[in-house]
Amino acid sequence: MRKILSLIMLITIVTGCGTESSRMIMNTLRAPAYPLVTIDPYTSAWSFGDVLYDTQVTHWTGKPFPLVGAIRVDGTAYRFMGTEDVRTMPVIKTSEQAPWEGKYVFEKPGDNWKELKFNDSRWKSGPAAFGTPHNEPTAKTVWPTQHIWVRRNIVLEEDLSGKTVFLEYSHDDDIEVYINGIEVVNTGNACKKNVLIKLPDEVVQTLKQGENLIAAHCWNRGGNALLDFGLSVELPLQHNLENTAIQKYANVLPTQTIYAFACGPVDLTLTFTAPLLMDNLEVLSRPVNYISYEVKSNDGASHLVELYLEAGTAWALDKPNQESQSEIIEKGDCLFLKTGSKSQTILGKKGDDVRIDWGHFYLCANKQNAASASGDSYAMRSAFVADGTLDVPIPASPEEQNNLALSCTLGQVNKPVQGYFMLGYDDIYSIQYFEENLRPYWNREGNKDIFSVFQSAAEEYLDLKKACDRFDVQLMNDATKSGGKEYAELCALAYRQAIAAHKLVVAPNGDLLFLSKENFSNGSIGTVDISYPSAPLFLLYNPELAKGTLNHIFYYSESGKWTKPFAAHDVGTYPLANGQTYGGDMPVEESGNMLILTAAIAVMEGNADYAEKHWETLTVWANYLLEKGLDPENQLCTDDFAGHFAHNTNLSVKAIIGIASYARLAAMLNKKETAEKYFDYAKTMAKTWMQMADDGDHYRLTFDQPGTWSQKYNLVWDKLLRMNIFPKEVTEKEIPYYLTKQNNYGLPLDNRKAYTKSDWIVWTATLSPDQATFQQFIAPIHKFMNETVTRVPMTDWYWTDKPEQRGFQARSVVGGYFIKMLEDKMIADKLIKED
């Protein structure tokens, strides 16, 4: 046995610890995935199912972040978190595990291309993976066309008949996979990475010793492209924690996720708390979360209780085959388990489906009442089940400490016993900003260490827990008042996701930078059309954070690094913010976004000081919109995934509201002549827009296509900022029409497809004349999240005619759900008049 570890545990017998207020509020929404640990885009852990012990804890990308919990009551063990997952061994490795080459073509081959005997001698050869290397770091062979056909001839050292075999594959977008000529995958329109599926017996029987074939066809519908695949076999599994607790409920609140279990004669309440309180940036940026517990007897008798917690080193690794090292550090009364990659290449990777592999993951515990071990998980679980100890052999080297476990004795439990654990991450440097590495906000001066941060988190636990309880109650009450119970439940699920998709740092010039990662997309950093939909949450609770989502774009232009007469799309690929990497500009989109958000900040702060600082840049962007905004050319916009087209009416609305926002700012700065001129421009453009877009009982998708329609969600800022650029008749015509177009799971984005963007629906709903109409738009979103079969962190892009994700997940744009609450706060604080 080796005492290495674990999580601060302050075990006390108390009657309350500031938790009752949160328990009184129940979120009845069955979340698509439950947030557990939410620190930043890298340290982010979720449960992708209804029951905490039915699925493995994972990163938002779907990669395992192993976290297993068990409780032993009078000698009987009950698993309450995580799973004893199938262990596999690759026999034909993907490109992430080892290099491989395949034959490929971009033109459709003959029908028998998927057969082993097909002659592929004229096909090109190239290293996997196949895709777009600028956005897919695993791609080695450039795939520039819509379609690719790949053949991988493989040699098996043994017959796989009778074994359990898995196909692992990554694809963007549609994929068909054949093994020895038999189709095993046909996804249709989808995009996934590292999918693992069990092969049918009829396919496994064909996998004989010697030559075999895996063949795949992939169709890139637009944007990024990726294709990779391999085979694995299942290893023998030992079940040590097969017995599970009985989960009674799961409850998602804004800053906390609460689970309740029956564990034989005792009840366990487990609470995951992320103190993401936006009025305190020191706490907001602190890379520490809590797992608190309460254990009590449910039969009136006392019972001997022991707890077990196990984490994997994958929390500090990008790929499962990376080498890691762990060590024990004692500081005061605490034991820290520190684990990280052996390579420690700081800021060495960028991209979307990438996890951090520099810095270190920490678990911390009081030295009393805890035993710990590292090494083989099955040996540690077996020891705990047998006698509540962790009496296992000491690993021979730090590299063998691939699983870390803690056991602690709570003693005889009758009345409630409460305590908590802490876990966190020290990334050392968080962001590279125009070639300069930036430390995280909590250590912006470089004068703190992670141990002092854990100490502060421990000292402030009770106060922060109570603050989170109060905040959760207040937010739920405010959201219910604004939009009803279903709206409040959606906001609760969106809160941590939106914040933790950002990283808070300070620029060399002193600017606060709250940089988003464009999750499950292209991995861009500081994307303006991500900041725009996310903004309502930050405008509501701390406009300084809203500024932090814009400062880098202003700097990019004002430094001379970006010289175009419109706003940039992004400043790089996360975490490297060295300049725009997205393949195309969004001139009208991003310039309108920046102008509108700057005006919204001014209204929330009651002054235009922030705009005055950037007036010259804002003027350039406003004039660009004057020239190009009314009838936009064929250029990209935020909804580019739906296809590109000219004459976009909703984009035109954004341009017009952007110009009006500039006028509003000019008025606040007492630039009367400029304000009058640009207000007149905007109103004249709005009248022209109405004539050009009119389609009888609604307005068109594009000016030149009668019989079309789209959500005009950008109109919401005309309402919130009370600029009255568009007459009320526009929304009075649009809203009733939208209600005739709703499907089971919501209002489509436009007439072209049945999919939608949930953030835009909430913006559209906020244009409603009353709460009852607002709720008609919200109820289908709630229904989708409650019923979707795609169990991932909240998606914002999904099908409205079936409960399935189309793409995107874990993105900050769900901060846009808070726009109705923002409007109500503006009215309550008398920043705007009641409509």
# chains A, B, ... in the order shown; residues from 1 in each chain; ligands from 1
call {"tool": "residues_around", "arguments": {"residues": "stretch 538-551 of chain A", "least_positions_apart": "3", "cutoff": "9 Å", "atoms": "only C-alpha atoms", "output": "PyMOL selection string"}}
result
chain A and resi 277-279+499+504+511-516+526-528+531-532+534-535+554-556+594+597-598+600-601+604-605+610+815+818-819+821-823+825-826
call {"tool": "residues_around", "arguments": {"residues": "A:Phe229", "least_positions_apart": "3", "cutoff": "6 Å", "atoms": "only C-alpha atoms", "output": "PyMOL selection string"}}
result
chain A and resi 94+168-169
call {"tool": "write_last_selection", "arguments": {"atoms": "C-alpha atoms", "output": "PDB file, in the first residue's frame"}}
result
ATOM      1  CA  THR A  94      -5.588   3.819 -36.156  1.00  0.00           C
ATOM      2  CA  GLU A 168     -12.747   2.147 -34.297  1.00  0.00           C
ATOM      3  CA  TYR A 169     -13.291   4.974 -36.774  1.00  0.00           C
TER       4      TYR A 169
END
call {"tool": "residues_around", "arguments": {"residues": "stretch 213-227 of chain A", "least_positions_apart": "5", "cutoff": "6 Å", "atoms": "only C-alpha atoms", "output": "count of residues only"}}
result
26
call {"tool": "closest_residue", "arguments": {"among": "A:Tyr495, A:Phe520, A:Trp621, A:Tyr678", "to": "A:Glu136", "atoms": "only C-alpha atoms"}}
result
A:Phe520
call {"tool": "select_by_dssp", "arguments": {"residues": "stretch 303-333 of chain A", "states": "helix (DSSP H, G or I)", "output": "ChimeraX atom specification"}}
result
/A:313-316
call {"tool": "residues_around", "arguments": {"residues": "stretch 766-776 of chain A", "least_positions_apart": "5", "cutoff": "9 Å", "atoms": "only C-alpha atoms", "output": "short mmCIF file (atom, residue, chain, number, x, y, z; two decimals) with N, CA, C and O atoms, in the first residue's frame"}}
result
data_model
loop_
_atom_site.label_atom_id
_atom_site.label_comp_id
_atom_site.auth_asym_id
_atom_site.auth_seq_id
_atom_site.Cartn_x
_atom_site.Cartn_y
_atom_site.Cartn_z
N SER A 482 -38.98 34.98 -15.89
CA SER A 482 -38.81 35.51 -17.24
C SER A 482 -39.50 34.66 -18.29
O SER A 482 -40.16 35.19 -19.19
N GLY A 483 -39.34 33.34 -18.19
CA GLY A 483 -39.80 32.51 -19.30
C GLY A 483 -40.48 31.22 -18.94
O GLY A 483 -40.78 30.42 -19.83
N GLY A 484 -40.70 30.96 -17.65
CA GLY A 484 -41.36 29.74 -17.26
C GLY A 484 -40.38 28.66 -16.82
O GLY A 484 -39.17 28.79 -16.96
N GLU A 486 -39.74 25.53 -17.89
CA GLU A 486 -38.93 24.85 -18.89
C GLU A 486 -37.77 25.72 -19.34
O GLU A 486 -36.65 25.24 -19.56
N TYR A 487 -38.01 27.01 -19.46
CA TYR A 487 -36.94 27.93 -19.81
C TYR A 487 -35.86 27.94 -18.73
O TYR A 487 -34.66 27.89 -19.03
N TYR A 713 -33.70 36.26 -36.34
CA TYR A 713 -33.35 36.39 -34.93
C TYR A 713 -32.52 37.64 -34.62
O TYR A 713 -32.51 38.11 -33.48
N LEU A 715 -33.20 40.56 -35.28
CA LEU A 715 -34.11 41.65 -34.90
C LEU A 715 -34.18 41.84 -33.39
O LEU A 715 -34.61 42.88 -32.91
N VAL A 716 -33.77 40.83 -32.63
CA VAL A 716 -33.93 40.89 -31.18
C VAL A 716 -33.19 42.08 -30.57
O VAL A 716 -33.62 42.65 -29.57
N LYS A 719 -35.11 45.24 -30.55
CA LYS A 719 -36.04 45.26 -29.43
C LYS A 719 -35.34 45.54 -28.11
O LYS A 719 -35.76 46.41 -27.34
N THR A 731 -42.12 42.06 -36.80
CA THR A 731 -42.21 40.91 -35.90
C THR A 731 -43.66 40.44 -35.74
O THR A 731 -43.90 39.25 -35.55
N GLU A 732 -44.61 41.36 -35.85
CA GLU A 732 -46.02 40.96 -35.75
C GLU A 732 -46.42 40.08 -36.92
O GLU A 732 -47.36 39.27 -36.80
N ILE A 735 -43.66 36.40 -36.30
CA ILE A 735 -43.87 35.47 -35.18
C ILE A 735 -45.04 34.51 -35.44
O ILE A 735 -44.89 33.28 -35.29
N LEU A 739 -44.83 30.17 -36.02
CA LEU A 739 -45.58 29.16 -35.26
C LEU A 739 -46.23 28.14 -36.18
O LEU A 739 -46.51 27.01 -35.76
N ILE A 761 -33.40 30.05 -31.80
CA ILE A 761 -34.83 29.94 -31.46
C ILE A 761 -35.15 30.79 -30.24
O ILE A 761 -36.18 31.49 -30.20
N ILE A 819 -30.98 35.49 -23.09
CA ILE A 819 -31.35 36.78 -23.67
C ILE A 819 -32.68 37.30 -23.13
O ILE A 819 -32.87 38.51 -22.96
N LYS A 820 -33.60 36.41 -22.80
CA LYS A 820 -34.88 36.86 -22.22
C LYS A 820 -34.65 37.40 -20.81
O LYS A 820 -35.24 38.43 -20.43
N GLU A 823 -33.13 40.89 -21.20
CA GLU A 823 -34.12 41.94 -21.46
C GLU A 823 -34.85 42.33 -20.17
O GLU A 823 -35.04 43.52 -19.89
#
call {"tool": "residues_around", "arguments": {"residues": "A:Lys103", "least_positions_apart": "2", "cutoff": "8 Å", "atoms": "only C-alpha atoms", "output": "JSON, numbers by chain"}}
result
{"A": [101, 105, 120, 123, 124, 125, 126, 150, 151, 152]}
call {"tool": "write_last_selection", "arguments": {"atoms": "N, CA, C and O atoms", "output": "JSON list (two decimals), in the first residue's frame"}}
result
[["chain", "number", "residue", "atom", "x", "y", "z"],
["A", 101, "GLU", "N", -0.54, 3.28, -43.92],
["A", 101, "GLU", "CA", -0.75, 3.81, -45.26],
["A", 101, "GLU", "C", -1.91, 3.09, -45.92],
["A", 101, "GLU", "O", -2.15, 1.89, -45.68],
["A", 105, "VAL", "N", -8.54, 7.05, -53.80],
["A", 105, "VAL", "CA", -8.90, 7.80, -55.01],
["A", 105, "VAL", "C", -10.00, 8.79, -54.64],
["A", 105, "VAL", "O", -10.70, 8.63, -53.64],
["A", 120, "ASP", "N", -6.13, -2.45, -57.03],
["A", 120, "ASP", "CA", -6.01, -1.03, -56.70],
["A", 120, "ASP", "C", -4.62, -0.49, -57.05],
["A", 120, "ASP", "O", -4.16, 0.51, -56.49],
["A", 123, "TRP", "N", -4.35, 3.15, -57.82],
["A", 123, "TRP", "CA", -4.74, 4.10, -56.77],
["A", 123, "TRP", "C", -3.49, 4.73, -56.18],
["A", 123, "TRP", "O", -2.40, 4.13, -56.17],
["A", 124, "LYS", "N", -3.64, 5.92, -55.65],
["A", 124, "LYS", "CA", -2.53, 6.57, -54.95],
["A", 124, "LYS", "C", -2.35, 5.95, -53.57],
["A", 124, "LYS", "O", -3.28, 5.36, -53.02],
["A", 125, "SER", "N", -1.14, 6.10, -53.03],
["A", 125, "SER", "CA", -0.87, 5.66, -51.66],
["A", 125, "SER", "C", -0.55, 6.88, -50.81],
["A", 125, "SER", "O", 0.07, 7.84, -51.27],
["A", 126, "GLY", "N", -1.00, 6.84, -49.55],
["A", 126, "GLY", "CA", -0.71, 7.96, -48.65],
["A", 126, "GLY", "C", -0.90, 7.57, -47.20],
["A", 126, "GLY", "O", -1.64, 6.62, -46.88],
["A", 150, "VAL", "N", -11.05, 4.76, -49.74],
["A", 150, "VAL", "CA", -9.79, 4.31, -49.16],
["A", 150, "VAL", "C", -9.84, 2.79, -48.96],
["A", 150, "VAL", "O", -10.83, 2.26, -48.47],
["A", 151, "ARG", "N", -8.75, 2.12, -49.34],
["A", 151, "ARG", "CA", -8.60, 0.69, -49.11],
["A", 151, "ARG", "C", -7.39, 0.49, -48.20],
["A", 151, "ARG", "O", -6.30, 1.01, -48.48],
["A", 152, "ARG", "N", -7.59, -0.28, -47.14],
["A", 152, "ARG", "CA", -6.48, -0.60, -46.23],
["A", 152, "ARG", "C", -6.31, -2.11, -46.18],
["A", 152, "ARG", "O", -7.12, -2.83, -45.56]]
call {"tool": "atom_distance", "arguments": {"atom1": "atom CA of A:Ala77", "atom2": "atom CA of A:Val385"}}
result
5.9 Å
call {"tool": "residues_around", "arguments": {"residues": "A:Lys757", "least_positions_apart": "3", "cutoff": "8 Å", "atoms": "only C-alpha atoms", "output": "MDAnalysis selection string"}}
result
chainID A and resid 748:749 760:761 796:798
call {"tool": "closest_residue", "arguments": {"among": "A:Ala507, A:Leu406, A:Val142, A:Leu390", "to": "A:Ala370", "atoms": "only C-alpha atoms"}}
result
A:Leu406
call {"tool": "atom_distance", "arguments": {"atom1": "atom CA of A:Leu307", "atom2": "atom CA of A:Gln325"}}
result
25.3 Å
call {"tool": "closest_residue", "arguments": {"among": "A:Thr345, A:Asn522, A:Asn135, A:Asn477", "to": "A:Leu253", "atoms": "only C-alpha atoms"}}
result
A:Asn477
call {"tool": "select_by_dssp", "arguments": {"residues": "stretch 481-625 of chain A", "states": "strand (DSSP E or B)", "output": "PyMOL selection string"}}
result
chain A and resi 502-506+512-517+524-525+573+576-577
call {"tool": "write_last_selection", "arguments": {"atoms": "N, CA and C atoms", "output": "PDB file, in the first residue's frame"}}
result
ATOM      1  N   HIS A 502     -14.645  28.723 -22.237  1.00  0.00           N
ATOM      2  CA  HIS A 502     -13.744  29.870 -22.353  1.00  0.00           C
ATOM      3  C   HIS A 502     -12.528  29.684 -21.453  1.00  0.00           C
ATOM      4  N   LYS A 503     -11.499  30.493 -21.711  1.00  0.00           N
ATOM      5  CA  LYS A 503     -10.344  30.605 -20.829  1.00  0.00           C
ATOM      6  C   LYS A 503     -10.104  32.080 -20.543  1.00  0.00           C
ATOM      7  N   LEU A 504      -9.889  32.399 -19.249  1.00  0.00           N
ATOM      8  CA  LEU A 504      -9.695  33.777 -18.818  1.00  0.00           C
ATOM      9  C   LEU A 504      -8.204  34.049 -18.617  1.00  0.00           C
ATOM     10  N   VAL A 505      -7.698  35.037 -19.336  1.00  0.00           N
ATOM     11  CA  VAL A 505      -6.296  35.445 -19.229  1.00  0.00           C
ATOM     12  C   VAL A 505      -6.243  36.971 -19.334  1.00  0.00           C
ATOM     13  N   VAL A 506      -5.051  37.529 -19.145  1.00  0.00           N
ATOM     14  CA  VAL A 506      -4.831  38.966 -19.305  1.00  0.00           C
ATOM     15  C   VAL A 506      -3.789  39.169 -20.390  1.00  0.00           C
ATOM     16  N   LEU A 512      -8.445  42.382 -20.465  1.00  0.00           N
ATOM     17  CA  LEU A 512      -9.008  41.106 -20.037  1.00  0.00           C
ATOM     18  C   LEU A 512      -9.417  40.339 -21.279  1.00  0.00           C
ATOM     19  N   LEU A 513      -8.985  39.089 -21.383  1.00  0.00           N
ATOM     20  CA  LEU A 513      -9.329  38.236 -22.518  1.00  0.00           C
ATOM     21  C   LEU A 513     -10.123  37.034 -22.020  1.00  0.00           C
ATOM     22  N   PHE A 514     -11.348  36.912 -22.477  1.00  0.00           N
ATOM     23  CA  PHE A 514     -12.198  35.768 -22.145  1.00  0.00           C
ATOM     24  C   PHE A 514     -12.415  35.027 -23.454  1.00  0.00           C
ATOM     25  N   LEU A 515     -11.488  34.120 -23.760  1.00  0.00           N
ATOM     26  CA  LEU A 515     -11.377  33.542 -25.093  1.00  0.00           C
ATOM     27  C   LEU A 515     -12.142  32.227 -25.204  1.00  0.00           C
ATOM     28  N   SER A 516     -13.034  32.173 -26.156  1.00  0.00           N
ATOM     29  CA  SER A 516     -13.832  30.967 -26.377  1.00  0.00           C
ATOM     30  C   SER A 516     -13.062  29.973 -27.219  1.00  0.00           C
ATOM     31  N   LYS A 517     -13.405  28.713 -27.048  1.00  0.00           N
ATOM     32  CA  LYS A 517     -12.968  27.649 -27.957  1.00  0.00           C
ATOM     33  C   LYS A 517     -14.190  27.180 -28.727  1.00  0.00           C
ATOM     34  N   SER A 524     -11.600  26.995 -33.463  1.00  0.00           N
ATOM     35  CA  SER A 524     -11.120  28.376 -33.500  1.00  0.00           C
ATOM     36  C   SER A 524     -11.153  28.996 -32.107  1.00  0.00           C
ATOM     37  N   ILE A 525     -10.281  29.971 -31.889  1.00  0.00           N
ATOM     38  CA  ILE A 525     -10.224  30.673 -30.610  1.00  0.00           C
ATOM     39  C   ILE A 525     -10.702  32.112 -30.798  1.00  0.00           C
ATOM     40  N   THR A 573      -6.383  29.152 -33.771  1.00  0.00           N
ATOM     41  CA  THR A 573      -6.947  27.857 -33.405  1.00  0.00           C
ATOM     42  C   THR A 573      -6.513  27.545 -31.979  1.00  0.00           C
ATOM     43  N   LEU A 576      -3.831  28.623 -29.579  1.00  0.00           N
ATOM     44  CA  LEU A 576      -2.856  29.514 -30.191  1.00  0.00           C
ATOM     45  C   LEU A 576      -3.572  30.672 -30.882  1.00  0.00           C
ATOM     46  N   ALA A 577      -3.531  31.845 -30.249  1.00  0.00           N
ATOM     47  CA  ALA A 577      -4.223  33.032 -30.752  1.00  0.00           C
ATOM     48  C   ALA A 577      -3.219  33.953 -31.431  1.00  0.00           C
TER      49      ALA A 577
END
call {"tool": "residues_around", "arguments": {"residues": "A:Ser661", "least_positions_apart": "4", "cutoff": "10 Å", "atoms": "only C-alpha atoms", "output": "ChimeraX atom specification"}}
result
/A:592,594-600,622,655-657,665-667,675,678-679,682,717-718,721,723
call {"tool": "write_last_selection", "arguments": {"atoms": "C-alpha atoms", "output": "tab-separated table (two decimals), in the first residue's frame"}}
result
chain	number	residue	atom	x	y	z
A	592	GLY	CA	-22.33	43.69	-37.26
A	594	MET	CA	-18.97	43.71	-32.90
A	595	LEU	CA	-21.03	46.88	-33.28
A	596	ILE	CA	-24.15	45.37	-31.72
A	597	LEU	CA	-22.30	43.88	-28.74
A	598	THR	CA	-20.40	47.11	-28.11
A	599	ALA	CA	-23.74	48.95	-27.98
A	600	ALA	CA	-25.18	46.31	-25.65
A	622	ALA	CA	-20.01	50.84	-39.58
A	655	ALA	CA	-26.02	45.04	-40.84
A	656	ILE	CA	-28.86	47.49	-40.32
A	657	ILE	CA	-28.95	46.92	-36.55
A	665	LEU	CA	-23.18	54.79	-29.34
A	666	ALA	CA	-22.62	58.14	-31.07
A	667	ALA	CA	-25.64	59.55	-29.24
A	675	ALA	CA	-25.96	59.81	-34.40
A	678	TYR	CA	-26.52	56.91	-38.98
A	679	PHE	CA	-29.96	56.51	-37.42
A	682	ALA	CA	-30.51	52.58	-40.62
A	717	TRP	CA	-31.31	43.61	-30.62
A	718	ASP	CA	-33.58	46.23	-32.14
A	721	LEU	CA	-31.77	48.22	-27.32
A	723	MET	CA	-33.86	51.52	-31.20
call {"tool": "closest_residue", "arguments": {"among": "A:Ala567, A:Ala245, A:Ala642, A:Val588", "to": "A:Phe261", "atoms": "only C-alpha atoms"}}
result
A:Ala245
call {"tool": "closest_residue", "arguments": {"among": "A:Leu720, A:Leu284, A:Leu276, A:Leu207", "to": "A:Val91", "atoms": "only C-alpha atoms"}}
result
A:Leu207
call {"tool": "atom_distance", "arguments": {"atom1": "atom CA of A:Glu242", "atom2": "atom CA of A:Thr83"}}
result
8.8 Å
call {"tool": "closest_atom_pairs", "arguments": {"of": "stretch 337-364 of chain A", "to": "stretch 441-458 of chain A", "cutoff": "10 Å", "atoms": "only C-alpha atoms", "output": "Markdown table"}}
result
| residue | atom | partner | partner_atom | distance |
| --- | --- | --- | --- | --- |
| A:His360 | CA | A:Ile450 | CA | 9.8 |
| A:Tyr362 | CA | A:Ile450 | CA | 8.9 |
| A:Leu363 | CA | A:Phe454 | CA | 9.6 |
| A:Cys364 | CA | A:Phe454 | CA | 7.9 |
call {"tool": "decode", "arguments": {"residues": "stretch 249-267 of chain A", "atoms": "N, CA, C and O atoms", "output": "compact mmCIF listing (two decimals), in the first residue's frame"}}
result
# COMPACT_ATOMS: atom_id res chain seq x y z
N TYR A 249 -32.21 10.17 -8.04
CA TYR A 249 -32.44 11.29 -8.95
C TYR A 249 -31.11 11.93 -9.33
O TYR A 249 -30.08 11.73 -8.68
N ALA A 250 -31.17 12.70 -10.40
CA ALA A 250 -30.07 13.57 -10.83
C ALA A 250 -30.67 14.95 -11.06
O ALA A 250 -31.72 15.07 -11.70
N ASN A 251 -30.00 15.97 -10.56
CA ASN A 251 -30.57 17.32 -10.56
C ASN A 251 -29.50 18.31 -11.02
O ASN A 251 -28.48 18.49 -10.36
N VAL A 252 -29.73 18.93 -12.17
CA VAL A 252 -28.77 19.89 -12.71
C VAL A 252 -29.21 21.30 -12.36
O VAL A 252 -30.29 21.75 -12.77
N LEU A 253 -28.38 22.01 -11.62
CA LEU A 253 -28.59 23.41 -11.29
C LEU A 253 -27.48 24.22 -11.94
O LEU A 253 -26.52 23.65 -12.48
N PRO A 254 -27.56 25.52 -11.94
CA PRO A 254 -26.57 26.32 -12.68
C PRO A 254 -25.13 26.02 -12.32
O PRO A 254 -24.29 25.85 -13.22
N THR A 255 -24.78 25.95 -11.05
CA THR A 255 -23.38 25.72 -10.67
C THR A 255 -23.14 24.34 -10.09
O THR A 255 -22.00 24.02 -9.73
N GLN A 256 -24.18 23.50 -10.01
CA GLN A 256 -24.04 22.22 -9.32
C GLN A 256 -24.87 21.12 -9.99
O GLN A 256 -25.94 21.38 -10.52
N THR A 257 -24.33 19.90 -9.94
CA THR A 257 -25.09 18.72 -10.33
C THR A 257 -25.16 17.80 -9.13
O THR A 257 -24.12 17.45 -8.54
N ILE A 258 -26.37 17.41 -8.77
CA ILE A 258 -26.59 16.67 -7.53
C ILE A 258 -27.19 15.31 -7.85
O ILE A 258 -28.17 15.21 -8.60
N TYR A 259 -26.59 14.26 -7.28
CA TYR A 259 -27.10 12.90 -7.42
C TYR A 259 -27.46 12.36 -6.03
O TYR A 259 -26.77 12.64 -5.06
N ALA A 260 -28.51 11.57 -5.99
CA ALA A 260 -28.89 10.89 -4.75
C ALA A 260 -28.97 9.38 -5.01
O ALA A 260 -29.49 8.95 -6.05
N PHE A 261 -28.42 8.60 -4.06
CA PHE A 261 -28.36 7.15 -4.20
C PHE A 261 -28.83 6.47 -2.92
O PHE A 261 -28.60 6.99 -1.81
N ALA A 262 -29.42 5.30 -3.09
CA ALA A 262 -29.63 4.38 -1.99
C ALA A 262 -28.55 3.32 -2.09
O ALA A 262 -28.41 2.65 -3.13
N CYS A 263 -27.76 3.17 -1.04
CA CYS A 263 -26.65 2.20 -1.01
C CYS A 263 -26.93 1.23 0.13
O CYS A 263 -26.35 1.34 1.22
N GLY A 264 -27.85 0.33 -0.09
CA GLY A 264 -28.25 -0.58 0.98
C GLY A 264 -28.87 0.22 2.11
O GLY A 264 -29.80 1.02 1.90
N PRO A 265 -28.34 0.09 3.32
CA PRO A 265 -28.95 0.75 4.49
C PRO A 265 -28.54 2.21 4.68
O PRO A 265 -28.89 2.81 5.68
N VAL A 266 -27.77 2.77 3.75
CA VAL A 266 -27.42 4.19 3.85
C VAL A 266 -27.78 4.90 2.55
O VAL A 266 -27.89 4.28 1.48
N ASP A 267 -27.99 6.22 2.66
CA ASP A 267 -28.24 7.07 1.50
C ASP A 267 -27.01 7.95 1.27
O ASP A 267 -26.40 8.44 2.22
